[in-house]
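Participant: You'll find coords.pdb just under this line, and it carries PDB, C-alpha atoms, pLDDT in the B column.
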```
ATOM      1  CA  MET N   1     -79.372-113.253 216.985  1.00 45.00           C
ATOM      2  CA  LEU N   2     -76.762-110.628 216.076  1.00 42.00           C
ATOM      3  CA  ALA N   3     -76.791-109.096 219.549  1.00 43.00           C
ATOM      4  CA  HIS N   4     -73.661-110.957 220.624  1.00 46.00           C
ATOM      5  CA  LEU N   5     -71.689-109.311 217.803  1.00 44.00           C
ATOM      6  CA  VAL N   6     -72.644-105.757 218.705  1.00 45.00           C
ATOM      7  CA  ARG N   7     -72.483-104.693 222.328  1.00 48.00           C
ATOM      8  CA  HIS N   8     -74.279-101.373 222.091  1.00 46.00           C
ATOM      9  CA  PRO N   9     -75.042 -99.314 218.988  1.00 45.00           C
ATOM     10  CA  CYS N  10     -73.763 -96.025 220.439  1.00 45.00           C
ATOM     11  CA  ARG N  11     -70.725 -97.265 222.355  1.00 47.00           C
ATOM     12  CA  ASN N  12     -67.401 -98.706 221.327  1.00 48.00           C
ATOM     13  CA  PRO N  13     -65.399-101.184 223.460  1.00 49.00           C
ATOM     14  CA  GLN N  14     -63.440 -98.297 224.997  1.00 51.00           C
ATOM     15  CA  GLY N  15     -66.632 -96.794 226.439  1.00 51.00           C
ATOM     16  CA  GLY N  16     -66.846 -93.716 224.181  1.00 53.00           C
ATOM     17  CA  SER N  17     -70.132 -92.300 223.031  1.00 62.00           C
ATOM     18  CA  LYS N  18     -71.542 -90.068 220.329  1.00 66.00           C
ATOM     19  CA  MET N  19     -72.055 -87.293 222.870  1.00 65.00           C
ATOM     20  CA  LYS N  20     -68.391 -87.381 223.828  1.00 67.00           C
ATOM     21  CA  THR N  21     -67.415 -87.115 220.165  1.00 66.00           C
ATOM     22  CA  ARG N  22     -69.720 -84.140 219.691  1.00 69.00           C
ATOM     23  CA  MET N  23     -68.224 -82.432 222.742  1.00 68.00           C
ATOM     24  CA  LEU N  24     -64.712 -83.014 221.423  1.00 66.00           C
ATOM     25  CA  ILE N  25     -65.681 -81.572 218.048  1.00 69.00           C
ATOM     26  CA  LEU N  26     -67.136 -78.515 219.776  1.00 69.00           C
ATOM     27  CA  ILE N  27     -63.948 -78.079 221.807  1.00 70.00           C
ATOM     28  CA  GLY N  28     -61.895 -78.430 218.617  1.00 67.00           C
ATOM     29  CA  ILE N  29     -63.931 -75.724 216.893  1.00 71.00           C
ATOM     30  CA  LEU N  30     -63.504 -73.435 219.893  1.00 69.00           C
ATOM     31  CA  VAL N  31     -59.765 -74.067 219.833  1.00 67.00           C
ATOM     32  CA  LEU N  32     -59.650 -73.152 216.155  1.00 68.00           C
ATOM     33  CA  VAL N  33     -61.609 -69.926 216.746  1.00 69.00           C
ATOM     34  CA  THR N  34     -59.497 -68.819 219.734  1.00 68.00           C
ATOM     35  CA  PRO N  35     -56.558 -67.377 217.729  1.00 67.00           C
ATOM     36  CA  PHE N  36     -58.918 -65.171 215.720  1.00 65.00           C
ATOM     37  CA  LEU N  37     -60.574 -63.888 218.875  1.00 63.00           C
ATOM     38  CA  PHE N  38     -57.190 -63.265 220.469  1.00 64.00           C
ATOM     39  CA  ALA N  39     -56.035 -61.350 217.378  1.00 63.00           C
ATOM     40  CA  ALA N  40     -59.188 -59.230 217.319  1.00 59.00           C
ATOM     41  CA  TYR N  41     -59.515 -58.594 221.050  1.00 59.00           C
ATOM     42  CA  GLY N  42     -55.981 -59.146 222.263  1.00 60.00           C
ATOM     43  CA  PRO N  43     -54.285 -57.859 225.411  1.00 59.00           C
ATOM     44  CA  LYS N  44     -54.491 -54.234 224.212  1.00 59.00           C
ATOM     45  CA  GLY N  45     -58.228 -54.501 223.571  1.00 53.00           C
ATOM     46  CA  GLY N  46     -59.762 -53.980 220.181  1.00 51.00           C
ATOM     47  CA  ILE N  47     -58.318 -54.459 216.734  1.00 50.00           C
ATOM     48  CA  PRO N  48     -54.794 -53.010 216.494  1.00 51.00           C
ATOM     49  CA  GLN N  49     -54.342 -50.307 213.862  1.00 51.00           C
ATOM     50  CA  GLN N  50     -50.613 -50.738 213.403  1.00 52.00           C
ATOM     51  CA  SER N  51     -48.246 -53.489 214.474  1.00 54.00           C
ATOM     52  CA  THR N  52     -45.262 -52.254 216.443  1.00 56.00           C
ATOM     53  CA  GLY N  53     -43.532 -55.637 216.585  1.00 60.00           C
ATOM     54  CA  GLY N  54     -43.041 -55.218 220.319  1.00 60.00           C
ATOM     55  CA  GLU N  55     -44.626 -58.483 221.462  1.00 63.00           C
ATOM     56  CA  SER N  56     -42.444 -60.256 223.973  1.00 67.00           C
ATOM     57  CA  PRO N  57     -41.306 -63.799 223.159  1.00 67.00           C
ATOM     58  CA  LEU N  58     -42.753 -64.990 226.451  1.00 68.00           C
ATOM     59  CA  SER N  59     -46.264 -63.829 225.578  1.00 72.00           C
ATOM     60  CA  LEU N  60     -46.021 -65.402 222.117  1.00 72.00           C
ATOM     61  CA  THR N  61     -44.815 -68.679 223.633  1.00 74.00           C
ATOM     62  CA  PHE N  62     -47.647 -68.629 226.156  1.00 77.00           C
ATOM     63  CA  MET N  63     -50.183 -67.984 223.407  1.00 79.00           C
ATOM     64  CA  ALA N  64     -48.773 -70.851 221.296  1.00 79.00           C
ATOM     65  CA  ILE N  65     -48.852 -73.255 224.244  1.00 81.00           C
ATOM     66  CA  THR N  66     -52.406 -72.299 225.176  1.00 84.00           C
ATOM     67  CA  MET N  67     -53.486 -73.049 221.613  1.00 84.00           C
ATOM     68  CA  ILE N  68     -51.510 -76.309 221.272  1.00 87.00           C
ATOM     69  CA  ILE N  69     -52.470 -78.027 224.540  1.00 88.00           C
ATOM     70  CA  PRO N  70     -56.232 -78.255 223.840  1.00 89.00           C
ATOM     71  CA  ILE N  71     -55.554 -79.485 220.292  1.00 89.00           C
ATOM     72  CA  VAL N  72     -53.246 -82.201 221.647  1.00 90.00           C
ATOM     73  CA  ILE N  73     -55.874 -83.299 224.157  1.00 90.00           C
ATOM     74  CA  VAL N  74     -58.643 -83.409 221.551  1.00 90.00           C
ATOM     75  CA  CYS N  75     -56.442 -85.267 219.013  1.00 89.00           C
ATOM     76  CA  ARG N  76     -55.450 -87.827 221.649  1.00 91.00           C
ATOM     77  CA  ARG N  77     -59.009 -88.460 222.826  1.00 90.00           C
ATOM     78  CA  LEU N  78     -60.378 -88.705 219.290  1.00 90.00           C
ATOM     79  CA  ALA N  79     -57.595 -91.139 218.327  1.00 91.00           C
ATOM     80  CA  LYS N  80     -58.320 -93.284 221.369  1.00 90.00           C
ATOM     81  CA  GLU N  81     -62.065 -93.233 220.763  1.00 88.00           C
ATOM     82  CA  LYS N  82     -61.777 -94.042 217.057  1.00 89.00           C
ATOM     83  CA  GLY N  83     -59.202 -96.814 217.459  1.00 88.00           C
ATOM     84  CA  ARG N  84     -56.303 -94.992 215.788  1.00 88.00           C
ATOM     85  CA  ASN N  85     -52.643 -94.866 216.834  1.00 89.00           C
ATOM     86  CA  VAL N  86     -52.813 -92.672 219.951  1.00 89.00           C
ATOM     87  CA  THR N  87     -49.095 -91.868 220.117  1.00 89.00           C
ATOM     88  CA  ARG N  88     -48.949 -90.811 216.467  1.00 89.00           C
ATOM     89  CA  TYR N  89     -51.851 -88.391 216.724  1.00 89.00           C
ATOM     90  CA  THR N  90     -50.640 -87.009 220.049  1.00 88.00           C
ATOM     91  CA  VAL N  91     -47.284 -86.157 218.470  1.00 88.00           C
ATOM     92  CA  LEU N  92     -48.995 -84.706 215.386  1.00 88.00           C
ATOM     93  CA  GLY N  93     -51.129 -82.591 217.721  1.00 88.00           C
ATOM     94  CA  ILE N  94     -48.003 -81.004 219.214  1.00 87.00           C
ATOM     95  CA  ILE N  95     -46.562 -79.792 215.895  1.00 86.00           C
ATOM     96  CA  PRO N  96     -47.910 -76.310 215.012  1.00 83.00           C
ATOM     97  CA  VAL N  97     -49.942 -76.041 211.771  1.00 84.00           C
ATOM     98  CA  VAL N  98     -49.768 -79.836 211.301  1.00 87.00           C
ATOM     99  CA  ASN N  99     -51.924 -80.164 214.411  1.00 87.00           C
ATOM    100  CA  LEU N 100     -54.822 -78.374 212.708  1.00 88.00           C
ATOM    101  CA  PHE N 101     -54.752 -80.823 209.799  1.00 89.00           C
ATOM    102  CA  ALA N 102     -54.453 -83.771 212.208  1.00 89.00           C
ATOM    103  CA  LEU N 103     -57.419 -82.455 214.189  1.00 88.00           C
ATOM    104  CA  TRP N 104     -59.616 -82.094 211.101  1.00 89.00           C
ATOM    105  CA  TYR N 105     -58.566 -85.553 209.913  1.00 89.00           C
ATOM    106  CA  MET N 106     -59.461 -87.104 213.261  1.00 88.00           C
ATOM    107  CA  ILE N 107     -62.833 -85.353 213.307  1.00 87.00           C
ATOM    108  CA  GLY N 108     -63.694 -86.818 209.907  1.00 87.00           C
ATOM    109  CA  ALA N 109     -62.039 -90.219 210.330  1.00 86.00           C
ATOM    110  CA  SER N 110     -64.208 -93.277 210.659  1.00 85.00           C
ATOM    111  CA  ASN N 111     -64.364 -95.310 213.834  1.00 86.00           C
ATOM    112  CA  LYS N 112     -62.299 -98.491 213.445  1.00 87.00           C
ATOM    113  CA  TYR N 113     -64.295-100.234 216.156  1.00 86.00           C
ATOM    114  CA  SER N 114     -67.495 -99.666 214.202  1.00 87.00           C
ATOM    115  CA  GLU N 115     -65.847-100.873 210.998  1.00 88.00           C
ATOM    116  CA  GLU N 116     -64.754-104.089 212.713  1.00 89.00           C
ATOM    117  CA  LYS N 117     -68.282-104.649 214.066  1.00 90.00           C
ATOM    118  CA  ILE N 118     -69.790-104.142 210.623  1.00 91.00           C
ATOM    119  CA  ASP N 119     -67.247-106.551 209.106  1.00 91.00           C
ATOM    120  CA  ARG N 120     -68.132-109.198 211.714  1.00 92.00           C
ATOM    121  CA  ILE N 121     -71.841-108.751 211.064  1.00 93.00           C
ATOM    122  CA  LEU N 122     -71.376-108.992 207.292  1.00 92.00           C
ATOM    123  CA  SER N 123     -69.251-112.127 207.576  1.00 92.00           C
ATOM    124  CA  TYR N 124     -71.864-113.646 209.903  1.00 92.00           C
ATOM    125  CA  ILE N 125     -74.654-112.847 207.420  1.00 92.00           C
ATOM    126  CA  GLU N 126     -72.629-114.264 204.509  1.00 91.00           C
ATOM    127  CA  LYS N 127     -71.962-117.426 206.494  1.00 90.00           C
ATOM    128  CA  GLN N 128     -75.687-117.775 207.292  1.00 89.00           C
ATOM    129  CA  GLN N 129     -76.615-117.272 203.644  1.00 88.00           C
ATOM    130  CA  GLY N 130     -73.997-119.835 202.572  1.00 84.00           C
ATOM    131  CA  GLN N 131     -75.476-122.402 204.981  1.00 83.00           C
ATOM    132  CA  LYS N 132     -79.014-121.790 203.684  1.00 78.00           C
ATOM    133  CA  LYS N 133     -77.953-122.471 200.085  1.00 74.00           C
ATOM    134  CA  LYS N 134     -76.509-125.875 200.985  1.00 66.00           C
TER
END
```
For the structure just supplied, provide its representation as structure tokens.

Facilitator:
Amino acid sequence: MLAHLVRHPCRNPQGGSKMKTRMLILIGILVLVTPFLFAAYGPKGGIPQQSTGGESPLSLTFMAITMIIPIVIVCRRLAKEKGRNVTRYTVLGIIPVVNLFALWYMIGASNKYSEEKIDRILSYIEKQQGQKKK
């Protein structure tokens, strides 16, 4: 009866699944842990005792890019899967520090496709109940 309103309980119209979301969350957590691991076991090996300030700008740029790219990819895929503005969250994923907040928001955000399905089901049920009363 309601089957025509909901295609599949675990899939949205874009073809995403719960497993894909879990994998993206795992990748996001790994991306967030990477800077701490790099700081602890960096290129010199072990925890540095004293900072000399001699890091080259090229190595810092490379480190920043290697941390930003996975966050951008995860933000973009989560936005696409959850029906959010893909361009907005891709750009927010590029901006350092803001990208971490955007990533956590996208992990916790609700799926708009699921919300629309629930709204259609509720309106269908209300319409059926209204017809039974008459």

Participant: Given the file above and the PyMOL selection byres ((chain N and resi 88-101) around 7), which residues are selected, and can you give them as a count of residues only?

Facilitator: 13

Participant: Between atom CA of Gly83 of chain N and atom CA of Ile69 of chain N, what is the distance, to one decimal in Å?

Facilitator: 21.2 Å

Participant: Given the PyMOL selection byres ((chain N and resi 111) around 9) and the file above, list the residues it selects as a CSV table (one decimal) with C-alpha atoms, in the frame of the given file.

Facilitator:
```
chain,number,residue,atom,x,y,z
N,12,ASN,CA,-67.4,-98.7,221.3
N,81,GLU,CA,-62.1,-93.2,220.8
N,82,LYS,CA,-61.8,-94.0,217.1
N,83,GLY,CA,-59.2,-96.8,217.5
N,84,ARG,CA,-56.3,-95.0,215.8
N,109,ALA,CA,-62.0,-90.2,210.3
N,110,SER,CA,-64.2,-93.3,210.7
N,112,LYS,CA,-62.3,-98.5,213.4
N,113,TYR,CA,-64.3,-100.2,216.2
N,114,SER,CA,-67.5,-99.7,214.2
N,115,GLU,CA,-65.8,-100.9,211.0
N,116,GLU,CA,-64.8,-104.1,212.7
```

Participant: For segment 112-129 of chain N, I'd like the enclosing box, axis-aligned and padded by 3 Å on every side, reported as AutoDock Vina command-line options with centre and edge lengths in Å to one decimal.

Facilitator:
```
--center_x -69.5 --center_y -108.1 --center_z 209.9 --size_x 20.3 --size_y 25.3 --size_z 18.5
```

Participant: Go ahead and compute the interatomic distance for atom CA of Lys133 of chain N and atom CA of Asp119 of chain N, in Å to one decimal.

Facilitator: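 Between atom CA of Lys133 of chain N and atom CA of Asp119 of chain N the gap works out to 21.2 Å.
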
Participant: What does the structure give for the distance between atom CA of Val74 of chain N and atom CA of Thr61 of chain N, in Å to one decimal?

Facilitator: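 Separation of atom CA of Val74 of chain N and atom CA of Thr61 of chain N: 20.3 Å.
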